[in-house]
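To be precise, the following lines are work-v7.csv, and they hold CSV, C-alpha atoms and all ligand atoms.
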chain,number,residue,atom,x,y,z
C,2,MET,CA,-18.4,-26.2,21.6
C,3,SER,CA,-19.0,-24.7,25.1
C,4,SER,CA,-19.6,-27.2,27.8
C,5,SER,CA,-22.6,-26.8,30.1
C,6,LYS,CA,-20.2,-26.2,32.9
C,7,PRO,CA,-20.3,-22.7,34.4
C,8,GLY,CA,-17.3,-20.4,34.3
C,9,VAL,CA,-16.7,-16.9,35.7
C,10,LEU,CA,-15.0,-13.6,34.8
C,11,ALA,CA,-14.4,-11.2,37.7
C,12,LEU,CA,-13.0,-7.7,37.4
C,13,GLU,CA,-11.0,-6.0,40.0
C,14,ASP,CA,-13.8,-3.5,40.6
C,15,GLY,CA,-16.0,-6.3,41.8
C,16,THR,CA,-18.1,-6.8,38.6
C,17,VAL,CA,-18.7,-10.5,38.0
C,18,TYR,CA,-19.9,-12.1,34.7
C,19,ARG,CA,-21.1,-15.7,34.7
C,20,GLY,CA,-20.9,-17.8,31.5
C,21,LEU,CA,-20.1,-21.2,30.1
C,22,ALA,CA,-16.6,-22.8,30.3
C,23,PHE,CA,-14.7,-24.0,27.3
C,24,GLY,CA,-11.0,-24.8,26.6
C,25,ALA,CA,-8.9,-25.8,29.6
C,26,GLU,CA,-10.0,-26.2,33.2
C,27,ALA,CA,-8.0,-23.5,35.0
C,28,THR,CA,-8.2,-20.3,37.1
C,29,ILE,CA,-6.0,-17.5,35.8
C,30,ALA,CA,-5.6,-13.8,36.4
C,31,GLY,CA,-4.4,-11.1,34.0
C,32,GLU,CA,-5.3,-7.8,32.3
C,33,CYS,CA,-8.7,-7.7,30.7
C,34,VAL,CA,-8.6,-6.2,27.2
C,35,PHE,CA,-10.9,-6.3,24.1
C,36,ASN,CA,-10.2,-6.8,20.4
C,37,THR,CA,-12.5,-5.6,17.7
C,38,SER,CA,-11.2,-7.7,14.8
C,39,MET,CA,-14.0,-9.5,12.9
C,40,THR,CA,-11.8,-12.4,11.9
C,41,GLY,CA,-8.4,-13.8,12.8
C,42,TYR,CA,-8.9,-15.2,16.3
C,43,GLN,CA,-6.2,-17.8,15.8
C,44,GLU,CA,-3.6,-15.2,14.9
C,45,ILE,CA,-4.7,-13.1,17.9
C,46,ILE,CA,-4.5,-15.9,20.4
C,47,THR,CA,-1.0,-16.9,19.1
C,48,ASP,CA,0.3,-13.3,19.1
C,49,PRO,CA,2.9,-13.1,21.9
C,50,SER,CA,2.0,-9.5,22.5
C,51,TYR,CA,-1.1,-10.8,24.4
C,52,PHE,CA,1.0,-12.6,27.0
C,53,GLY,CA,-0.5,-11.9,30.4
C,54,GLN,CA,-3.8,-10.7,29.0
C,55,ILE,CA,-7.3,-12.1,28.9
C,56,VAL,CA,-8.7,-11.2,25.5
C,57,THR,CA,-12.4,-10.4,24.9
C,58,MET,CA,-13.5,-10.7,21.3
C,59,THR,CA,-16.2,-8.1,20.4
C,60,ALA,CA,-17.2,-10.1,17.2
C,61,VAL,CA,-20.3,-11.9,18.3
C,62,GLN,CA,-19.5,-15.4,17.2
C,63,ILE,CA,-16.0,-16.9,17.4
C,64,GLY,CA,-14.7,-20.4,16.4
C,65,ASN,CA,-16.8,-21.0,13.3
C,66,TYR,CA,-13.8,-21.7,11.0
C,67,GLY,CA,-11.7,-23.7,13.5
C,68,LEU,CA,-7.9,-23.5,13.6
C,69,THR,CA,-5.2,-24.6,11.2
C,70,PRO,CA,-1.4,-25.1,11.8
C,71,GLU,CA,-0.5,-22.6,9.0
C,72,ASP,CA,-2.2,-19.7,10.8
C,73,GLU,CA,-0.2,-20.0,14.0
C,74,GLU,CA,1.7,-16.7,14.6
C,75,SER,CA,4.0,-18.3,17.2
C,76,SER,CA,4.6,-21.6,18.8
C,77,GLY,CA,1.1,-21.7,20.3
C,78,PRO,CA,-1.5,-19.6,22.1
C,79,LYS,CA,0.1,-16.9,24.2
C,80,CYS,CA,-2.9,-15.0,25.7
C,81,ALA,CA,-3.8,-16.0,29.3
C,82,GLY,CA,-7.5,-16.6,28.5
C,83,LEU,CA,-10.3,-15.9,26.0
C,84,VAL,CA,-13.8,-14.4,26.4
C,85,VAL,CA,-16.5,-14.6,23.7
C,86,ARG,CA,-20.2,-13.9,23.3
C,87,GLU,CA,-21.0,-17.1,21.4
C,88,LEU,CA,-18.7,-20.0,20.7
C,89,SER,CA,-19.7,-21.5,17.4
C,90,PRO,CA,-21.3,-24.9,17.8
C,91,VAL,CA,-19.9,-26.0,14.4
C,92,VAL,CA,-16.5,-25.7,12.7
C,93,SER,CA,-16.9,-25.2,9.0
C,94,ASN,CA,-13.7,-24.8,7.0
C,95,TRP,CA,-11.7,-27.2,4.8
C,96,ARG,CA,-8.5,-26.0,6.4
C,97,ALA,CA,-9.5,-26.6,10.0
C,98,THR,CA,-7.8,-29.4,11.9
C,99,ILE,CA,-9.1,-28.6,15.4
C,100,SER,CA,-11.9,-26.7,17.2
C,101,LEU,CA,-11.2,-23.6,19.2
C,102,SER,CA,-12.2,-25.3,22.5
C,103,ASP,CA,-10.1,-28.4,21.9
C,104,TYR,CA,-7.2,-26.3,20.9
C,105,LEU,CA,-7.3,-24.2,24.0
C,106,ALA,CA,-7.9,-27.3,26.2
C,107,LYS,CA,-4.8,-28.9,24.6
C,108,ASN,CA,-2.7,-25.8,25.4
C,109,GLY,CA,-4.0,-25.2,28.9
C,110,ILE,CA,-5.8,-21.9,28.2
C,111,PRO,CA,-9.3,-21.4,29.7
C,112,GLY,CA,-12.1,-19.8,27.7
C,113,LEU,CA,-15.5,-18.4,28.6
C,114,SER,CA,-18.6,-18.0,26.4
C,115,GLU,CA,-22.1,-16.6,26.8
C,116,ILE,CA,-20.7,-13.4,28.2
C,117,ASP,CA,-22.3,-10.0,27.4
C,118,THR,CA,-19.1,-8.8,25.6
C,119,ARG,CA,-20.8,-5.6,24.6
C,120,ALA,CA,-21.4,-4.6,28.3
C,121,LEU,CA,-17.9,-5.7,29.2
C,122,THR,CA,-16.3,-3.8,26.4
C,123,LYS,CA,-18.3,-0.6,27.2
C,124,LYS,CA,-17.2,-1.0,30.8
C,125,LEU,CA,-13.5,-1.2,29.8
C,126,ARG,CA,-13.9,1.8,27.6
C,127,VAL,CA,-15.4,3.9,30.4
C,128,ASP,CA,-13.4,2.6,33.3
C,129,GLY,CA,-10.2,1.5,31.6
C,130,ALA,CA,-8.3,-1.8,31.2
C,131,MET,CA,-8.6,-3.8,34.5
C,132,LYS,CA,-7.1,-6.7,36.3
C,133,CYS,CA,-9.3,-9.7,36.1
C,134,CYS,CA,-9.7,-13.4,36.9
C,135,LEU,CA,-11.1,-16.0,34.6
C,136,SER,CA,-12.0,-19.4,36.0
C,137,THR,CA,-13.5,-22.5,34.4
C,138,LEU,CA,-13.4,-24.3,37.8
C,139,PRO,CA,-16.0,-24.1,40.5
C,140,ILE,CA,-14.9,-21.0,42.4
C,141,SER,CA,-17.1,-18.4,44.2
C,142,ASP,CA,-17.6,-14.9,42.9
C,143,ASP,CA,-15.7,-13.5,46.0
C,144,GLU,CA,-12.8,-15.8,45.4
C,145,ALA,CA,-12.6,-14.7,41.7
C,146,VAL,CA,-12.7,-11.0,42.6
C,147,ARG,CA,-10.0,-11.6,45.2
C,148,ARG,CA,-7.7,-13.4,42.6
C,149,ALA,CA,-8.3,-10.5,40.2
C,150,ARG,CA,-7.2,-7.9,42.8
C,151,GLU,CA,-4.2,-10.0,43.8
C,152,TRP,CA,-2.8,-10.3,40.3
C,153,GLN,CA,0.5,-8.4,40.0
C,154,ASP,CA,-0.1,-5.7,37.4
C,155,MET,CA,2.0,-5.9,34.2
C,156,ALA,CA,3.5,-2.5,35.0
C,157,GLY,CA,7.1,-2.8,35.8
C,158,SER,CA,7.3,-6.5,34.7
C,159,ASP,CA,9.5,-8.0,31.9
C,160,TYR,CA,7.2,-10.2,29.8
C,161,VAL,CA,9.5,-10.3,26.8
C,162,LYS,CA,11.8,-12.8,28.5
C,163,ASP,CA,8.9,-15.3,28.6
C,164,VAL,CA,8.2,-15.2,24.8
C,165,THR,CA,11.5,-14.4,23.0
C,166,CYS,CA,13.4,-17.2,21.1
C,167,ALA,CA,16.1,-19.1,23.0
C,168,GLN,CA,18.7,-19.0,20.3
C,169,PRO,CA,19.5,-17.0,17.2
C,170,TYR,CA,18.2,-18.6,13.9
C,171,LEU,CA,17.8,-17.9,10.3
C,172,TRP,CA,14.1,-17.5,9.4
C,173,GLN,CA,13.1,-20.1,6.8
C,174,PRO,CA,10.3,-19.2,4.4
C,175,ASP,CA,7.4,-21.6,5.0
C,176,ALA,CA,4.4,-22.8,3.2
C,177,ALA,CA,2.1,-20.7,5.5
C,178,ALA,CA,3.5,-17.6,3.7
C,179,ASN,CA,1.1,-18.4,0.9
C,180,TYR,CA,-2.0,-18.1,3.0
C,181,ASN,CA,-1.2,-14.7,4.3
C,182,GLU,CA,-1.4,-12.7,1.1
C,183,PRO,CA,-4.6,-10.8,0.3
C,184,TYR,CA,-6.8,-11.9,-2.5
C,185,LEU,CA,-5.0,-15.2,-3.1
C,186,PRO,CA,-7.4,-17.6,-5.0
C,187,VAL,CA,-7.8,-20.8,-3.1
C,188,GLY,CA,-5.4,-23.5,-4.4
C,189,THR,CA,-3.1,-21.3,-6.3
C,190,THR,CA,0.4,-20.4,-5.5
C,191,MET,CA,1.2,-16.9,-4.6
C,192,ASN,CA,1.5,-14.2,-7.2
C,193,ALA,CA,4.4,-12.7,-5.4
C,194,PRO,CA,5.5,-9.0,-5.6
C,195,ALA,CA,8.7,-8.5,-7.5
C,196,VAL,CA,11.3,-9.3,-4.9
C,197,PRO,CA,14.4,-7.1,-5.5
C,198,SER,CA,17.3,-9.1,-7.0
C,199,ARG,CA,19.6,-7.7,-4.3
C,200,LYS,CA,18.9,-9.1,-0.9
C,201,PHE,CA,19.8,-7.4,2.4
C,202,ARG,CA,20.4,-9.1,5.7
C,203,VAL,CA,18.4,-7.8,8.6
C,204,ALA,CA,19.0,-8.7,12.2
C,205,ALA,CA,15.5,-9.0,13.7
C,206,PHE,CA,15.1,-8.7,17.5
C,207,ASP,CA,12.4,-11.1,18.7
C,208,TYR,CA,10.6,-9.5,21.6
C,209,GLY,CA,7.7,-11.8,21.0
C,210,ALA,CA,7.4,-11.5,17.2
C,211,LYS,CA,4.6,-12.9,15.0
C,212,HIS,CA,5.7,-15.2,12.1
C,213,SER,CA,4.0,-13.0,9.6
C,214,ILE,CA,6.4,-10.1,10.2
C,215,PHE,CA,9.3,-12.3,9.2
C,216,ARG,CA,7.4,-13.5,6.2
C,217,LYS,CA,6.7,-9.9,5.1
C,218,LEU,CA,10.4,-9.0,5.5
C,219,VAL,CA,11.4,-12.0,3.4
C,220,ARG,CA,8.9,-11.1,0.7
C,221,HIS,CA,10.3,-7.6,0.5
C,222,GLY,CA,13.9,-8.6,-0.1
C,223,PHE,CA,15.4,-9.4,3.3
C,224,ASP,CA,17.2,-12.5,4.7
C,225,VAL,CA,16.1,-12.5,8.3
C,226,GLN,CA,18.4,-13.5,11.1
C,227,VAL,CA,16.3,-13.7,14.3
C,228,PHE,CA,17.9,-12.8,17.6
C,229,PRO,CA,16.8,-13.3,21.2
C,230,SER,CA,15.9,-10.1,23.0
C,231,THR,CA,18.9,-10.4,25.3
C,232,SER,CA,21.4,-10.4,22.4
C,233,THR,CA,24.2,-7.9,23.0
C,234,LEU,CA,25.4,-5.2,20.7
C,235,GLU,CA,28.6,-7.2,20.1
C,236,GLN,CA,26.6,-10.3,19.0
C,237,ILE,CA,24.7,-8.1,16.5
C,238,ARG,CA,27.9,-6.4,15.2
C,239,GLU,CA,29.6,-9.8,14.7
C,240,GLN,CA,26.9,-10.7,12.2
C,241,ASN,CA,27.5,-7.4,10.3
C,242,PRO,CA,23.8,-7.0,9.3
C,243,ASP,CA,22.7,-4.4,6.7
C,244,ALA,CA,19.9,-3.3,9.0
C,245,VAL,CA,18.1,-4.0,12.3
C,246,PHE,CA,14.4,-4.7,12.9
C,247,LEU,CA,12.7,-4.5,16.3
C,248,SER,CA,9.6,-6.6,16.7
C,249,ASN,CA,6.3,-6.3,18.6
C,250,GLY,CA,6.1,-7.9,22.1
C,251,PRO,CA,4.2,-8.0,25.4
C,252,GLY,CA,4.1,-6.0,28.6
C,253,ASP,CA,5.2,-2.6,29.9
C,254,PRO,CA,7.8,-1.0,27.5
C,255,ALA,CA,9.2,1.2,30.3
C,256,ALA,CA,10.3,-1.8,32.3
C,257,LEU,CA,12.7,-3.1,29.7
C,258,ARG,CA,15.8,-1.0,30.5
C,259,TYR,CA,18.3,-3.6,29.1
C,260,LEU,CA,16.6,-3.4,25.7
C,261,HIS,CA,16.5,0.4,25.8
C,262,LYS,CA,20.3,0.3,26.3
C,263,THR,CA,21.0,-2.1,23.4
C,264,VAL,CA,18.8,-0.1,21.0
C,265,THR,CA,20.5,3.1,22.0
C,266,GLY,CA,23.8,1.5,21.0
C,267,LEU,CA,22.4,0.3,17.6
C,268,LEU,CA,20.7,3.5,16.4
C,269,PRO,CA,23.8,5.4,15.3
C,270,ASP,CA,25.1,2.4,13.3
C,271,TYR,CA,22.3,0.8,11.3
C,272,PRO,CA,19.1,1.6,9.5
C,273,VAL,CA,16.4,0.6,12.0
C,274,PHE,CA,12.7,-0.2,11.6
C,275,GLY,CA,10.6,-0.9,14.7
C,276,ILE,CA,7.0,-2.0,15.2
C,277,CYS,CA,4.8,-1.8,18.3
C,278,LEU,CA,7.1,-2.7,21.2
C,279,GLY,CA,10.0,-2.1,18.8
C,280,HIS,CA,8.7,1.4,18.2
C,281,GLN,CA,8.4,1.9,22.0
C,282,MET,CA,12.0,0.6,22.4
C,283,ILE,CA,13.2,3.3,19.9
C,284,THR,CA,11.2,5.9,22.0
C,285,HIS,CA,13.0,4.9,25.2
C,286,ALA,CA,16.4,4.5,23.4
C,287,LEU,CA,16.1,8.1,22.3
C,288,GLY,CA,15.4,9.1,26.0
C,289,GLY,CA,11.7,9.5,25.4
C,290,GLU,CA,8.8,8.2,27.5
C,291,THR,CA,5.8,5.8,27.1
C,292,TYR,CA,2.6,5.9,29.1
C,293,LYS,CA,-0.4,3.5,29.5
C,294,LEU,CA,-3.4,4.2,27.4
C,295,LYS,CA,-6.8,4.0,29.1
C,296,PHE,CA,-8.0,0.9,27.3
C,297,GLY,CA,-5.5,0.5,24.4
C,298,HIS,CA,-6.0,-0.2,20.7
C,299,ARG,CA,-6.7,-3.8,19.7
C,300,GLY,CA,-8.3,-4.7,16.4
C,301,GLY,CA,-8.1,-4.5,12.6
C,302,ASN,CA,-9.9,-1.3,12.1
C,303,GLN,CA,-7.7,1.5,13.6
C,304,PRO,CA,-7.5,4.6,11.4
C,305,VAL,CA,-4.1,6.2,11.2
C,306,LYS,CA,-3.2,9.4,9.5
C,307,ASN,CA,0.3,10.0,8.0
C,308,LEU,CA,1.1,13.6,8.8
C,309,GLU,CA,3.7,13.8,6.1
C,310,THR,CA,1.4,12.7,3.2
C,311,GLY,CA,-2.1,13.3,4.6
C,312,LYS,CA,-3.0,9.7,3.7
C,313,VAL,CA,-5.2,7.7,6.1
C,314,SER,CA,-4.7,3.9,6.4
C,315,ILE,CA,-6.7,1.3,8.3
C,316,THR,CA,-4.3,-0.6,10.4
C,317,ALA,CA,-4.1,-3.7,12.7
C,318,GLN,CA,-3.2,-2.8,16.2
C,319,ASN,CA,-2.6,-4.4,19.6
C,320,HIS,CA,-1.1,-2.1,22.2
C,321,GLY,CA,-1.8,-0.7,25.6
C,322,PHE,CA,1.0,1.8,25.8
C,323,ALA,CA,2.0,4.8,23.6
C,324,THR,CA,4.8,7.2,23.0
C,325,ASP,CA,4.6,10.6,24.6
C,326,PRO,CA,5.1,12.9,21.6
C,327,LYS,CA,6.7,15.8,23.5
C,328,SER,CA,9.3,13.4,24.9
C,329,ILE,CA,10.6,12.4,21.5
C,330,GLU,CA,10.3,15.7,19.7
C,331,GLN,CA,13.0,17.1,22.1
C,332,ARG,CA,15.2,14.1,21.2
C,333,GLY,CA,15.8,14.3,17.5
C,334,ALA,CA,12.6,12.5,16.3
C,335,LYS,CA,9.3,13.6,14.9
C,336,VAL,CA,5.8,12.2,15.0
C,337,THR,CA,4.9,11.0,11.5
C,338,GLU,CA,1.6,9.3,12.2
C,339,ILE,CA,-1.3,9.6,14.6
C,340,ASN,CA,-4.4,7.6,15.5
C,341,LEU,CA,-7.5,9.4,14.3
C,342,ASN,CA,-9.6,8.0,17.2
C,343,ASP,CA,-7.6,9.6,20.0
C,344,GLN,CA,-4.8,11.5,18.3
C,345,THR,CA,-2.1,9.4,20.0
C,346,VAL,CA,1.3,8.7,18.3
C,347,GLU,CA,1.4,5.9,15.7
C,348,GLY,CA,4.7,6.5,14.0
C,349,LEU,CA,8.0,8.4,14.4
C,350,ARG,CA,11.0,9.1,12.3
C,351,HIS,CA,14.5,10.3,13.4
C,352,THR,CA,15.4,13.6,11.9
C,353,SER,CA,19.0,12.7,11.1
C,354,LEU,CA,19.4,8.9,11.4
C,355,PRO,CA,17.8,6.2,9.1
C,356,VAL,CA,15.5,5.2,11.8
C,357,PHE,CA,11.7,4.9,11.8
C,358,SER,CA,8.9,3.0,13.5
C,359,VAL,CA,5.2,2.5,13.8
C,360,GLN,CA,3.0,1.7,16.8
C,361,TYR,CA,0.8,-0.6,14.7
C,362,HIS,CA,1.3,-4.0,13.1
C,363,PRO,CA,2.2,-3.6,9.4
C,364,GLU,CA,2.2,-7.4,9.0
C,365,ALA,CA,-1.5,-7.4,9.8
C,366,ALA,CA,-2.4,-11.1,10.2
C,367,PRO,CA,-5.1,-10.5,11.0
C,368,GLY,CA,-6.1,-7.2,9.4
C,369,PRO,CA,-5.8,-5.0,6.4
C,370,ASN,CA,-2.6,-4.7,4.3
C,371,ASP,CA,-2.7,-0.9,4.0
C,372,ALA,CA,0.8,-0.7,5.7
C,373,ASP,CA,2.6,-2.9,3.2
C,374,PRO,CA,4.5,0.0,1.6
C,375,LEU,CA,6.4,0.4,4.9
C,376,PHE,CA,8.5,-2.7,4.0
C,377,ILE,CA,9.4,-1.1,0.6
C,378,ASP,CA,10.3,2.1,2.5
C,379,PHE,CA,12.6,0.0,4.8
C,380,TYR,CA,14.2,-1.7,1.8
C,381,ASN,CA,14.8,1.6,0.1
C,382,LEU,CA,16.3,3.1,3.2
C,383,VAL,CA,18.7,0.2,3.5
C,384,ALA,CA,19.6,0.5,-0.2
C,385,ALA,CA,20.3,4.2,0.2
C,386,ARG,CA,22.5,3.6,3.1
C,387,LYS,CA,24.4,0.8,1.3
C,388,ALA,CA,24.9,3.1,-1.7
C,389,GLY,CA,26.3,5.8,0.7
C,390,LYS,CA,23.5,8.2,-0.1
C,391,ILE,CA,22.5,8.6,3.6
B,1,LIG,N1,1.9,-5.4,20.1
B,1,LIG,C1,2.9,-4.9,20.8
B,1,LIG,O1,4.1,-4.9,20.5
B,1,LIG,C2,2.5,-4.3,22.1
B,1,LIG,C3,3.5,-3.4,22.8
B,1,LIG,C4,3.2,-3.2,24.3
B,1,LIG,N2,3.2,-4.4,25.0
B,1,LIG,C5,1.9,-2.5,24.5
B,1,LIG,O2,0.9,-3.1,24.9
B,1,LIG,O3,1.8,-1.3,24.2
Could you render the structure as structure tokens?
Ligand SMILES: NC(=O)CC[C@H](N)C(=O)O
Amino acid sequence: MSSSKPGVLALEDGTVYRGLAFGAEATIAGECVFNTSMTGYQEIITDPSYFGQIVTMTAVQIGNYGLTPEDEESSGPKCAGLVVRELSPVVSNWRATISLSDYLAKNGIPGLSEIDTRALTKKLRVDGAMKCCLSTLPISDDEAVRRAREWQDMAGSDYVKDVTCAQPYLWQPDAAANYNEPYLPVGTTMNAPAVPSRKFRVAAFDYGAKHSIFRKLVRHGFDVQVFPSTSTLEQIREQNPDAVFLSNGPGDPAALRYLHKTVTGLLPDYPVFGICLGHQMITHALGGETYKLKFGHRGGNQPVKNLETGKVSITAQNHGFATDPKSIEQRGAKVTEINLNDQTVEGLRHTSLPVFSVQYHPEAAPGPNDADPLFIDFYNLVAARKAGKI
């Protein structure tokens, strides 16, 4: 429940919103973004791609089903702060173990409610993503605006080093996997898709991955060895994986030159599947470019058209940067998917190597599961490579 204590959100353009504080007592600055998902606030808060960002939820009431350990997408909340219209005064869900406010307080993240999130979202859509300051402490409007302006923009910064794993490890299938399948009747075990009898070993770069992506890979026939982002080509080769996966992650993709270099080295040797930041790393590894979108795509209702099949899927997304299509078309790759809202690049495929990627999150969590077939495509690609067919 929100306290009766005031809190403030200030944008770098001088706009100030006053509301009620919840979560931790803190003053933080970051990039102000909005997410249009109707459900899944826990998965959003714990998605490491939001590192450095203050997330505004456009759904009008947040917190009504609480939080549960199985829904964590990483070791804890990763966004810098949370802004909502109404924080639910009740938590009503048999799985809930903690309220949103207590969870954020426990983890040092401030939240702000009673904000006109529709006005804020419209502003970000018109003027673009902005630096901001969120405070649940008694600071003046001027001080909050000053802190917003002082924040060092994410452009040029490496955020991946703050969220990647410390050591390589083998992903262990966990009980939470059961909760992330669609249409699972409560209390039953999962009616799993036929897992192929032959398993492949995938080396997965953790740039700030969500747990659900590893769960999806396991469910589609992969043993997942997770590697820190700084792992070298030699460390990967030593493991002799059948394929490489590049995860999502936070921050500016252009700033990560050491990752571009590693991926350039991997592309000729392994089947590679990249998502979101991983897709952007493939872009840069090929010598292509990424650029910042005006206000990004964040939510579970982003329409994507596959240019090869004509099929449209509704996807889960969370990104502020995109691939420049011309820059990759000159480098041996082609655009396979576009976002129907703004025609920006959502997928690419290399024309001669077994390499493909998507800008969206095929693991959803939260979001629709339209993109599930991509995991089957990846498995089939690896199988074809192992059989010497490609
Ligand atoms: N979800 C992600 O991997 C985001 C990638 C990148 N940080 C962006 O905002 O575009």
List the spatial neighbours of segment 363-374 of chain C as a PyMOL selection string - criterion: any atom at most 9 Å away, all atoms listed in the file, same-chain residues fewer than 2 positions off excluded.
chain C and resi 38-45+72+74+181-183+211+213-217+276+300-302+314-318+359+361+376-379
Distance filter 7 Å around ligand LIG 1 (chain B), atoms: only C-alpha atoms and all ligand atoms, out as a PyMOL selection string:
chain C and resi 50+248-254+276-279+318-323
Need to verify the contact set: Ala156 of chain C, 12 Å, all atoms listed in the file, exclusion of same-chain residues closer than 2 positions in sequence. Can you return it as a list of chain:residue names?
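In the requested form, the answer reads C:Gly31, C:Glu32, C:Gly53, C:Lys132, C:Trp152, C:Gln153, C:Asp154, C:Ser158, C:Asp159, C:Tyr160, C:Pro251, C:Gly252, C:Asp253, C:Pro254, C:Ala255, C:Ala256, C:Leu257, C:Thr291, C:Tyr292, C:Lys293, C:Gly321, C:Phe322.
Considering only C-alpha atoms, the residue among C:Leu308, C:Ala25, C:Ala334, C:Val245 positioned nearest to Gly288 of chain C is C:Ala334.
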Segment 135-143 of chain C surroundings by all atoms listed in the file, 10 Å radius, close-in-sequence under 4 positions cut, as number ranges by chain
C: 6-12, 15-31, 33, 55, 81-84, 110-113, 147-149
Just give me the gap between atom CA of Lys306 of chain C and atom CA of Arg350 of chain C in Å, one decimal is fine.
14.5 Å
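In this model, the gap between atom CA of Val305 of chain C and atom CA of Leu287 of chain C comes to 23.1 Å.
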Which one of C:Pro174, C:Gly389, C:Gly289, C:Pro169 sits closest to Ser232 of chain C if you count only C-alpha atoms?
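Looking at the shortest contact to Ser232 of chain C, the residue is C:Pro169.
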Which is closest to Pro78 of chain C among C:Pro242, C:Pro269, C:Pro49, C:Gly157, if we use only C-alpha atoms?
C:Pro49
Using all atoms listed in the file: which of C:Phe296, C:Tyr271, C:Tyr380, C:Phe52 has the shortest distance to Pro355 of chain C:
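Counting all atoms listed in the file, the residue closest to Pro355 of chain C is C:Tyr271.
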Using atom CA of Gly333 of chain C and atom CA of Glu235 of chain C as the two end points, give the distance in Å to one decimal.
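Here the two named atoms are 25.2 Å from each other.
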Considering all atoms listed in the file, can you say which of C:Gln54, C:Thr310, C:Thr231, C:Ser358 comes closest to Leu247 of chain C?
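Smallest separation from Leu247 of chain C among the options: C:Ser358.
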Of the residues C:Pro229, C:Gly129, C:Gly67, C:Pro326, which is the one nearest to Pro90 of chain C, using only C-alpha atoms?
C:Gly67
For the point (-3.5, -30.1, 11.7) in file coordinates, what residues are within 9 Å, counting only C-alpha atoms? Give the answer as a list in words?
Leu68, Thr69, Pro70, Glu71, Arg96, Ala97, Thr98 and Ile99 of chain C
